[in-house]
Amino acid sequence: MGGRVGTLLWRAGVAAAPVCGIGLLPWLSHTDPALTVLRARSAERDPDPEALAAVRTQLGLEEGPLVLLGRWLGGLSRGDAGRSWISGAEVAPAVTQALGASLPLMTVSLVVACCTAAAVCARTLCLGARRRLHGRTPGGSVSAALAALPEFLTASVLATVVGVRLGWLPALGWYGPQWTVLPALALGLPAGAVLGRLLDDQLPAAFTEPWAAAATARGLPGRTIARHALRRCLPGLLPNLGLFAVGLTGGAVAVEQIFDIPGLGRTTLQAALAQDLPVLQAGTLALVALAAVTTAATRLAVRRLVGTALRDGALHTLHRPLHTLRGSLRTFNGRQSTARRISPLAYSLLLLVVIALGLPRDPLALDTTTRLQPPSTTHPFGTDALGRDLLARVAHGALDTLLLALAVSALALAAGVLLGLSPRLSGPLVDTVNAVPPVLAALLVAALWGGGGATPVVAVAVVAWAPLAAHTSALLLQERATPHLTATRALGAGRWYLLRRGLLPAVLPPVVRHALLRLPGVALALASLGFLGLGAQPPSPEWGLLLAENQPYAERAPWAVLAPAAVLALLGALAVTATARAGAGARVGEA
């Protein structure tokens, strides 16, 4: 009983931390909230001392942040979230209205994500149902490229091509179900590609479990076996699906801006930029509450799917032992083995060629007479709006972007695994960190850390570990319920032995592949934060800045955004195929 009370108190404290931290944001960042609010109300008004004093008196800023925070928290018990510092309107109806737009968009986006994930792992399901997985070559290049594409670029292309040029669906506004299709595609396709890759990574092990062989021997239809294999793998992915649901609600800022959707992510961003603390606090509180509800729902779904096997220690491990792999590994023919080697080698060579050809060029050289020129022998990737060579900018931006992305991914992997091994400690942290929109997290880090080139690194590292920790905890929960681990524990094995010989070998490989799959997203997040004034500034050739700068010219000069987007997709394909190659090579060596 005491442990449950302690867990509840820890969860409540962690959930309250971002809300209270936001209440102190202007004072932590050493900015004058009265000046920010005055400019947000009327940009043309002169911020003279009298006007600033009037704002401070009206908002009660002279009483200090702690008094304001206590007053706002006291009003919540009466259902009063305060009034907006900018418009003076009640906060609760505005946040409820924004949530009413974000929740349907999140629901449709999850449907798109599930359909995309099903398409990604359809080949594995078909081969597994026919007992032909022993000859499967590592795929996933297309799904990895899709996962690497930034949401705002996908949204821009869909809005321009499908919404404006073809006129098939509305591109702006929020007036009915048909207005959800394009933004849901922009949000759901990358999320579904990630989920599909994670599911496709676990399915082969599920098809090698004893129940699958017994079901085949009894003559059960292949679709029945595939359905049960899918059900067997879902418990390990549901926590990440819950994280995606919350992230799609509060983190869809760019997509909501492009399609002019009055959602919660856009509302919280506007409130953060204007330092409208009541709106910002209420929006963050709504996201934290949604994260708590989603976590409870995913836990219930996991228990429903797994049944009593978790309690009885009757789950078969999805980490396939060597004796089940030797037979299938020996059936690999030379052509499949060659395909394993060629894919990552070809992607690596192509990426190195792009960097080598672009490094000798000047990424800052301006030539306004060659603005937005298409690809040619002189400019293989074309030029941007200032006449700068895109190949040079992509190549020079690759060095800093990739090195920082690798460093942040390594830190996120280490933190995710370490915290994921302690689910009671990391669970509330994961829910809270994922509930805070990335842009808001960056603003909080900038307030505490200060500006500069290290700010994006710290901001992305603070949130990048959460999905890896959730994945680790989900796999750990299932692995602890396996009979071989129960038997090993009964024979007197200690915790360190079980962790080193039983748990980590089962958990680390899929989590490492998950981290590499997110590597292009980390690279993009690092660079795009610089565009918000939280890191590198133009004319820096970082990839996120290239996409953001050239996005307005996507219709007139599509190559300006396709070049950095293609390199990001290439990086995603390289990450997935290299991981598949490394995993297969390690297993062959052990066998």
# chains A, B, ... in the order shown; residues from 1 in each chain; ligands from 1

call {"tool": "residues_around", "arguments": {"residues": "Leu76 in chain A", "least_positions_apart": "3", "cutoff": "12 Å", "atoms": "only C-alpha atoms", "output": "compact mmCIF listing (two decimals) with C-alpha atoms, in the first residue's frame"}}
result
# COMPACT_ATOMS: atom_id res chain seq x y z
CA LEU A 69 0.98 30.54 -9.55
CA GLY A 70 -0.77 29.87 -6.25
CA ARG A 71 -3.76 31.95 -7.30
CA TRP A 72 -4.02 30.08 -10.61
CA LEU A 73 -3.78 26.67 -8.90
CA GLY A 79 -12.99 25.02 -12.50
CA ASP A 80 -11.52 28.44 -13.20
CA ALA A 81 -8.31 28.41 -15.30
CA GLY A 82 -8.07 32.19 -15.27
CA VAL A 91 -9.00 30.26 -20.64
CA ALA A 92 -10.99 27.08 -20.01
CA PRO A 278 -2.75 31.14 -18.00
CA GLN A 281 -0.45 26.45 -18.16
CA ALA A 282 -3.96 25.24 -18.96
CA LEU A 285 -2.18 20.65 -17.91

call {"tool": "residues_around", "arguments": {"residues": "range 16-30 of chain A", "least_positions_apart": "6", "cutoff": "10 Å", "atoms": "only C-alpha atoms", "output": "ChimeraX atom specification"}}
result
/A:10,36,64-66,68-70,72-73,272,275-278,280-285,288,432-433,435-436,440-441,443-450

call {"tool": "residues_around", "arguments": {"residues": "range 194-202 of chain A", "least_positions_apart": "2", "cutoff": "6 Å", "atoms": "only C-alpha atoms", "output": "list of chain:residue names"}}
result
A:Ala117, A:Val120, A:Cys121, A:Ala147, A:Ala191, A:Gly192, A:Pro204, A:Ala205

call {"tool": "residues_around", "arguments": {"residues": "Ser156 in chain A", "least_positions_apart": "4", "cutoff": "9 Å", "atoms": "only C-alpha atoms", "output": "PDB file with N, CA and C atoms, in the first residue's frame"}}
result
ATOM      1  N   GLU A 151       7.353  16.317 -40.945  1.00  0.00           N
ATOM      2  CA  GLU A 151       5.903  16.446 -41.060  1.00  0.00           C
ATOM      3  C   GLU A 151       5.513  17.719 -41.800  1.00  0.00           C
ATOM      4  N   PHE A 152       6.233  18.829 -41.522  1.00  0.00           N
ATOM      5  CA  PHE A 152       5.833  20.080 -42.158  1.00  0.00           C
ATOM      6  C   PHE A 152       6.081  20.053 -43.659  1.00  0.00           C
ATOM      7  N   THR A 160      -0.226  21.865 -51.069  1.00  0.00           N
ATOM      8  CA  THR A 160      -0.005  22.513 -52.362  1.00  0.00           C
ATOM      9  C   THR A 160      -0.538  21.674 -53.519  1.00  0.00           C
ATOM     10  N   VAL A 161      -0.189  20.391 -53.520  1.00  0.00           N
ATOM     11  CA  VAL A 161      -0.532  19.534 -54.663  1.00  0.00           C
ATOM     12  C   VAL A 161      -1.979  19.060 -54.594  1.00  0.00           C
ATOM     13  N   ALA A 186      -0.359  13.860 -43.164  1.00  0.00           N
ATOM     14  CA  ALA A 186       0.961  14.429 -42.856  1.00  0.00           C
ATOM     15  C   ALA A 186       1.473  13.955 -41.505  1.00  0.00           C
ATOM     16  N   VAL A 255       2.087  21.357 -38.533  1.00  0.00           N
ATOM     17  CA  VAL A 255       0.972  20.928 -39.385  1.00  0.00           C
ATOM     18  C   VAL A 255      -0.258  21.795 -39.129  1.00  0.00           C
ATOM     19  N   ILE A 258       0.273  25.121 -40.938  1.00  0.00           N
ATOM     20  CA  ILE A 258       0.155  25.061 -42.400  1.00  0.00           C
ATOM     21  C   ILE A 258      -1.302  24.951 -42.831  1.00  0.00           C
ATOM     22  N   PHE A 259      -2.077  24.122 -42.128  1.00  0.00           N
ATOM     23  CA  PHE A 259      -3.471  23.901 -42.513  1.00  0.00           C
ATOM     24  C   PHE A 259      -4.444  24.820 -41.769  1.00  0.00           C
ATOM     25  N   GLN A 551      10.980  26.117 -47.940  1.00  0.00           N
ATOM     26  CA  GLN A 551       9.597  25.653 -47.969  1.00  0.00           C
ATOM     27  C   GLN A 551       8.667  26.595 -48.722  1.00  0.00           C
ATOM     28  N   PRO A 552       8.780  27.932 -48.582  1.00  0.00           N
ATOM     29  CA  PRO A 552       7.869  28.809 -49.335  1.00  0.00           C
ATOM     30  C   PRO A 552       8.006  28.696 -50.848  1.00  0.00           C
ATOM     31  N   ALA A 554       8.443  25.751 -52.474  1.00  0.00           N
ATOM     32  CA  ALA A 554       8.288  24.336 -52.824  1.00  0.00           C
ATOM     33  C   ALA A 554       7.508  24.160 -54.124  1.00  0.00           C
TER      34      ALA A 554
END

call {"tool": "atom_distance", "arguments": {"atom1": "CA of Gly242 in chain A", "atom2": "CA of Val293 in chain A"}}
result
9.5 Å

call {"tool": "closest_residue", "arguments": {"among": "A:Thr378, A:Thr383, A:Gln373, A:Thr249", "to": "Thr268 in chain A", "atoms": "only C-alpha atoms"}}
result
A:Thr249

call {"tool": "closest_residue", "arguments": {"among": "A:Ala464, A:Ala252, A:Leu350, A:Leu35", "to": "Ala54 in chain A", "atoms": "only C-alpha atoms"}}
result
A:Leu35

call {"tool": "closest_residue", "arguments": {"among": "A:Ala245, A:Ala98, A:Ala466, A:Leu125", "to": "Ile261 in chain A", "atoms": "only C-alpha atoms"}}
result
A:Ala98

call {"tool": "closest_residue", "arguments": {"among": "A:Pro437, A:Gly427, A:Gly492, A:Pro235", "to": "Gln478 in chain A", "atoms": "only C-alpha atoms"}}
result
A:Pro235

call {"tool": "residues_around", "arguments": {"residues": "Leu248 in chain A", "least_positions_apart": "5", "cutoff": "12 Å", "atoms": "only C-alpha atoms", "output": "count of residues only"}}
result
42

call {"tool": "select_by_dssp", "arguments": {"residues": "range 126-194 of chain A", "states": "alpha helix (DSSP H)", "output": "number ranges by chain"}}
result
A: 126-129, 141-148, 151-157, 181-194

call {"tool": "residues_around", "arguments": {"residues": "Leu59 in chain A", "least_positions_apart": "3", "cutoff": "8 Å", "atoms": "only C-alpha atoms", "output": "PyMOL selection string"}}
result
chain A and resi 55-56+85

call {"tool": "closest_residue", "arguments": {"among": "A:Asp367, A:Val507, A:His228, A:Phe207", "to": "Leu413 in chain A", "atoms": "only C-alpha atoms"}}
result
A:Val507

call {"tool": "residues_around", "arguments": {"residues": "His471 in chain A", "least_positions_apart": "2", "cutoff": "10 Å", "atoms": "only C-alpha atoms", "output": "JSON, numbers by chain"}}
result
{"A": [198, 236, 237, 238, 239, 240, 416, 417, 420, 466, 467, 468, 469, 473, 474, 475, 476, 507, 510, 511, 514]}

call {"tool": "write_last_selection", "arguments": {"atoms": "N, CA and C atoms", "output": "compact mmCIF listing (two decimals), in the first residue's frame"}}
result
# COMPACT_ATOMS: atom_id res chain seq x y z
N LEU A 198 8.99 -0.96 -36.01
CA LEU A 198 9.12 -1.60 -34.69
C LEU A 198 8.37 -2.91 -34.65
N GLY A 236 4.24 -4.98 -26.66
CA GLY A 236 5.51 -4.27 -26.62
C GLY A 236 5.48 -2.93 -27.33
N LEU A 237 4.44 -2.69 -28.15
CA LEU A 237 4.37 -1.45 -28.93
C LEU A 237 3.31 -0.49 -28.43
N LEU A 238 2.36 -0.97 -27.65
CA LEU A 238 1.26 -0.10 -27.21
C LEU A 238 1.74 1.12 -26.42
N PRO A 239 2.75 1.00 -25.53
CA PRO A 239 3.22 2.23 -24.87
C PRO A 239 3.71 3.29 -25.85
N ASN A 240 4.40 2.87 -26.91
CA ASN A 240 4.85 3.86 -27.90
C ASN A 240 3.68 4.41 -28.70
N GLY A 416 17.54 6.30 -22.10
CA GLY A 416 16.30 5.54 -22.26
C GLY A 416 16.40 4.14 -21.70
N VAL A 417 17.52 3.47 -21.95
CA VAL A 417 17.69 2.11 -21.43
C VAL A 417 17.82 2.11 -19.91
N GLY A 420 14.49 3.11 -18.48
CA GLY A 420 13.50 2.09 -18.81
C GLY A 420 13.62 0.84 -17.96
N ALA A 466 12.50 9.58 -24.15
CA ALA A 466 11.21 9.09 -23.64
C ALA A 466 10.67 7.88 -24.41
N PRO A 467 10.59 7.90 -25.75
CA PRO A 467 10.07 6.70 -26.44
C PRO A 467 10.98 5.49 -26.28
N LEU A 468 12.29 5.70 -26.15
CA LEU A 468 13.19 4.57 -25.96
C LEU A 468 13.01 3.97 -24.57
N ALA A 469 12.77 4.81 -23.57
CA ALA A 469 12.51 4.29 -22.22
C ALA A 469 11.19 3.53 -22.18
N SER A 473 10.89 -0.42 -21.19
CA SER A 473 10.03 -0.89 -20.10
C SER A 473 9.03 -1.92 -20.58
N ALA A 474 8.46 -1.71 -21.78
CA ALA A 474 7.48 -2.66 -22.30
C ALA A 474 8.13 -4.02 -22.59
N LEU A 475 9.31 -4.01 -23.20
CA LEU A 475 10.00 -5.27 -23.46
C LEU A 475 10.46 -5.94 -22.17
N LEU A 476 10.89 -5.13 -21.22
CA LEU A 476 11.34 -5.67 -19.94
C LEU A 476 10.20 -6.36 -19.20
N VAL A 507 16.48 -7.06 -24.57
CA VAL A 507 15.93 -5.71 -24.69
C VAL A 507 16.76 -4.82 -25.59
N PRO A 510 16.39 -4.62 -30.05
CA PRO A 510 15.29 -3.85 -30.64
C PRO A 510 15.30 -2.38 -30.25
N VAL A 511 15.76 -2.05 -29.04
CA VAL A 511 15.79 -0.64 -28.63
C VAL A 511 16.87 0.11 -29.40
N HIS A 514 15.50 0.81 -32.70
CA HIS A 514 14.53 1.90 -32.55
C HIS A 514 15.25 3.25 -32.51

call {"tool": "decode", "arguments": {"residues": "range 102-118 of chain A", "atoms": "all heavy atoms", "output": "PDB file, in the first residue's frame"}}
result
ATOM      1  N   SER A 102      -8.016  19.202 -31.743  1.00  0.00           N
ATOM      2  CA  SER A 102      -6.842  18.328 -31.764  1.00  0.00           C
ATOM      3  C   SER A 102      -7.199  16.858 -31.607  1.00  0.00           C
ATOM      4  O   SER A 102      -6.562  15.990 -32.220  1.00  0.00           O
ATOM      5  CB  SER A 102      -5.864  18.735 -30.652  1.00  0.00           C
ATOM      6  OG  SER A 102      -5.303  19.994 -30.913  1.00  0.00           O
ATOM      7  N   LEU A 103      -8.193  16.545 -30.785  1.00  0.00           N
ATOM      8  CA  LEU A 103      -8.532  15.139 -30.539  1.00  0.00           C
ATOM      9  C   LEU A 103      -9.054  14.427 -31.794  1.00  0.00           C
ATOM     10  O   LEU A 103      -8.614  13.304 -32.087  1.00  0.00           O
ATOM     11  CB  LEU A 103      -9.535  15.032 -29.394  1.00  0.00           C
ATOM     12  CG  LEU A 103      -8.971  15.331 -27.994  1.00  0.00           C
ATOM     13  CD1 LEU A 103     -10.055  15.189 -26.941  1.00  0.00           C
ATOM     14  CD2 LEU A 103      -7.804  14.409 -27.676  1.00  0.00           C
ATOM     15  N   PRO A 104      -9.991  15.010 -32.573  1.00  0.00           N
ATOM     16  CA  PRO A 104     -10.370  14.338 -33.825  1.00  0.00           C
ATOM     17  C   PRO A 104      -9.205  14.197 -34.799  1.00  0.00           C
ATOM     18  O   PRO A 104      -9.075  13.156 -35.471  1.00  0.00           O
ATOM     19  CB  PRO A 104     -11.466  15.250 -34.397  1.00  0.00           C
ATOM     20  CG  PRO A 104     -11.993  16.005 -33.236  1.00  0.00           C
ATOM     21  CD  PRO A 104     -10.825  16.196 -32.316  1.00  0.00           C
ATOM     22  N   LEU A 105      -8.354  15.222 -34.878  1.00  0.00           N
ATOM     23  CA  LEU A 105      -7.189  15.120 -35.753  1.00  0.00           C
ATOM     24  C   LEU A 105      -6.259  14.007 -35.288  1.00  0.00           C
ATOM     25  O   LEU A 105      -5.733  13.241 -36.108  1.00  0.00           O
ATOM     26  CB  LEU A 105      -6.441  16.457 -35.773  1.00  0.00           C
ATOM     27  CG  LEU A 105      -5.147  16.510 -36.588  1.00  0.00           C
ATOM     28  CD1 LEU A 105      -5.415  16.152 -38.043  1.00  0.00           C
ATOM     29  CD2 LEU A 105      -4.505  17.881 -36.475  1.00  0.00           C
ATOM     30  N   MET A 106      -6.059  13.897 -33.981  1.00  0.00           N
ATOM     31  CA  MET A 106      -5.223  12.820 -33.447  1.00  0.00           C
ATOM     32  C   MET A 106      -5.828  11.460 -33.743  1.00  0.00           C
ATOM     33  O   MET A 106      -5.120  10.517 -34.109  1.00  0.00           O
ATOM     34  CB  MET A 106      -5.045  13.016 -31.945  1.00  0.00           C
ATOM     35  CG  MET A 106      -4.224  11.935 -31.258  1.00  0.00           C
ATOM     36  SD  MET A 106      -5.256  10.621 -30.542  1.00  0.00           S
ATOM     37  CE  MET A 106      -5.953  11.487 -29.143  1.00  0.00           C
ATOM     38  N   THR A 107      -7.139  11.328 -33.629  1.00  0.00           N
ATOM     39  CA  THR A 107      -7.799  10.039 -33.875  1.00  0.00           C
ATOM     40  C   THR A 107      -7.632   9.595 -35.324  1.00  0.00           C
ATOM     41  O   THR A 107      -7.262   8.445 -35.603  1.00  0.00           O
ATOM     42  CB  THR A 107      -9.289  10.146 -33.523  1.00  0.00           C
ATOM     43  OG1 THR A 107      -9.428  10.559 -32.158  1.00  0.00           O
ATOM     44  CG2 THR A 107      -9.979   8.801 -33.713  1.00  0.00           C
ATOM     45  N   VAL A 108      -7.892  10.506 -36.248  1.00  0.00           N
ATOM     46  CA  VAL A 108      -7.746  10.157 -37.672  1.00  0.00           C
ATOM     47  C   VAL A 108      -6.281   9.891 -37.998  1.00  0.00           C
ATOM     48  O   VAL A 108      -5.959   8.989 -38.788  1.00  0.00           O
ATOM     49  CB  VAL A 108      -8.322  11.275 -38.561  1.00  0.00           C
ATOM     50  CG1 VAL A 108      -8.185  10.914 -40.033  1.00  0.00           C
ATOM     51  CG2 VAL A 108      -9.783  11.519 -38.225  1.00  0.00           C
ATOM     52  N   SER A 109      -5.369  10.648 -37.391  1.00  0.00           N
ATOM     53  CA  SER A 109      -3.944  10.421 -37.624  1.00  0.00           C
ATOM     54  C   SER A 109      -3.515   9.042 -37.132  1.00  0.00           C
ATOM     55  O   SER A 109      -2.698   8.364 -37.782  1.00  0.00           O
ATOM     56  CB  SER A 109      -3.115  11.508 -36.924  1.00  0.00           C
ATOM     57  OG  SER A 109      -3.433  12.787 -37.396  1.00  0.00           O
ATOM     58  N   LEU A 110      -4.057   8.597 -36.005  1.00  0.00           N
ATOM     59  CA  LEU A 110      -3.746   7.254 -35.511  1.00  0.00           C
ATOM     60  C   LEU A 110      -4.279   6.183 -36.446  1.00  0.00           C
ATOM     61  O   LEU A 110      -3.638   5.138 -36.625  1.00  0.00           O
ATOM     62  CB  LEU A 110      -4.318   7.074 -34.109  1.00  0.00           C
ATOM     63  CG  LEU A 110      -3.571   7.769 -32.968  1.00  0.00           C
ATOM     64  CD1 LEU A 110      -4.262   7.471 -31.644  1.00  0.00           C
ATOM     65  CD2 LEU A 110      -2.113   7.317 -32.910  1.00  0.00           C
ATOM     66  N   VAL A 111      -5.443   6.427 -37.033  1.00  0.00           N
ATOM     67  CA  VAL A 111      -5.970   5.468 -38.016  1.00  0.00           C
ATOM     68  C   VAL A 111      -5.026   5.377 -39.214  1.00  0.00           C
ATOM     69  O   VAL A 111      -4.709   4.277 -39.703  1.00  0.00           O
ATOM     70  CB  VAL A 111      -7.385   5.879 -38.453  1.00  0.00           C
ATOM     71  CG1 VAL A 111      -7.867   5.000 -39.604  1.00  0.00           C
ATOM     72  CG2 VAL A 111      -8.355   5.777 -37.282  1.00  0.00           C
ATOM     73  N   VAL A 112      -4.571   6.529 -39.697  1.00  0.00           N
ATOM     74  CA  VAL A 112      -3.612   6.540 -40.812  1.00  0.00           C
ATOM     75  C   VAL A 112      -2.317   5.841 -40.403  1.00  0.00           C
ATOM     76  O   VAL A 112      -1.739   5.062 -41.179  1.00  0.00           O
ATOM     77  CB  VAL A 112      -3.335   7.992 -41.259  1.00  0.00           C
ATOM     78  CG1 VAL A 112      -2.216   8.035 -42.296  1.00  0.00           C
ATOM     79  CG2 VAL A 112      -4.590   8.618 -41.818  1.00  0.00           C
ATOM     80  N   ALA A 113      -1.854   6.095 -39.177  1.00  0.00           N
ATOM     81  CA  ALA A 113      -0.621   5.472 -38.701  1.00  0.00           C
ATOM     82  C   ALA A 113      -0.763   3.958 -38.618  1.00  0.00           C
ATOM     83  O   ALA A 113       0.152   3.211 -39.003  1.00  0.00           O
ATOM     84  CB  ALA A 113      -0.241   6.046 -37.334  1.00  0.00           C
ATOM     85  N   CYS A 114      -1.902   3.485 -38.129  1.00  0.00           N
ATOM     86  CA  CYS A 114      -2.114   2.027 -38.036  1.00  0.00           C
ATOM     87  C   CYS A 114      -2.175   1.393 -39.426  1.00  0.00           C
ATOM     88  O   CYS A 114      -1.627   0.300 -39.639  1.00  0.00           O
ATOM     89  CB  CYS A 114      -3.393   1.739 -37.257  1.00  0.00           C
ATOM     90  SG  CYS A 114      -3.295   2.149 -35.499  1.00  0.00           S
ATOM     91  N   CYS A 115      -2.826   2.058 -40.365  1.00  0.00           N
ATOM     92  CA  CYS A 115      -2.875   1.535 -41.742  1.00  0.00           C
ATOM     93  C   CYS A 115      -1.473   1.506 -42.359  1.00  0.00           C
ATOM     94  O   CYS A 115      -1.107   0.546 -43.056  1.00  0.00           O
ATOM     95  CB  CYS A 115      -3.818   2.372 -42.591  1.00  0.00           C
ATOM     96  SG  CYS A 115      -5.557   2.269 -42.098  1.00  0.00           S
ATOM     97  N   THR A 116      -0.697   2.553 -42.123  1.00  0.00           N
ATOM     98  CA  THR A 116       0.675   2.591 -42.639  1.00  0.00           C
ATOM     99  C   THR A 116       1.525   1.501 -42.011  1.00  0.00           C
ATOM    100  O   THR A 116       2.300   0.821 -42.697  1.00  0.00           O
ATOM    101  CB  THR A 116       1.300   3.965 -42.358  1.00  0.00           C
ATOM    102  OG1 THR A 116       0.464   4.986 -42.903  1.00  0.00           O
ATOM    103  CG2 THR A 116       2.678   4.068 -42.988  1.00  0.00           C
ATOM    104  N   ALA A 117       1.390   1.312 -40.698  1.00  0.00           N
ATOM    105  CA  ALA A 117       2.141   0.253 -40.017  1.00  0.00           C
ATOM    106  C   ALA A 117       1.758  -1.114 -40.554  1.00  0.00           C
ATOM    107  O   ALA A 117       2.624  -1.996 -40.728  1.00  0.00           O
ATOM    108  CB  ALA A 117       1.887   0.324 -38.514  1.00  0.00           C
ATOM    109  N   ALA A 118       0.470  -1.326 -40.835  1.00  0.00           N
ATOM    110  CA  ALA A 118       0.036  -2.602 -41.403  1.00  0.00           C
ATOM    111  C   ALA A 118       0.649  -2.838 -42.776  1.00  0.00           C
ATOM    112  O   ALA A 118       1.049  -3.963 -43.110  1.00  0.00           O
ATOM    113  CB  ALA A 118      -1.491  -2.638 -41.489  1.00  0.00           C
TER     114      ALA A 118
END
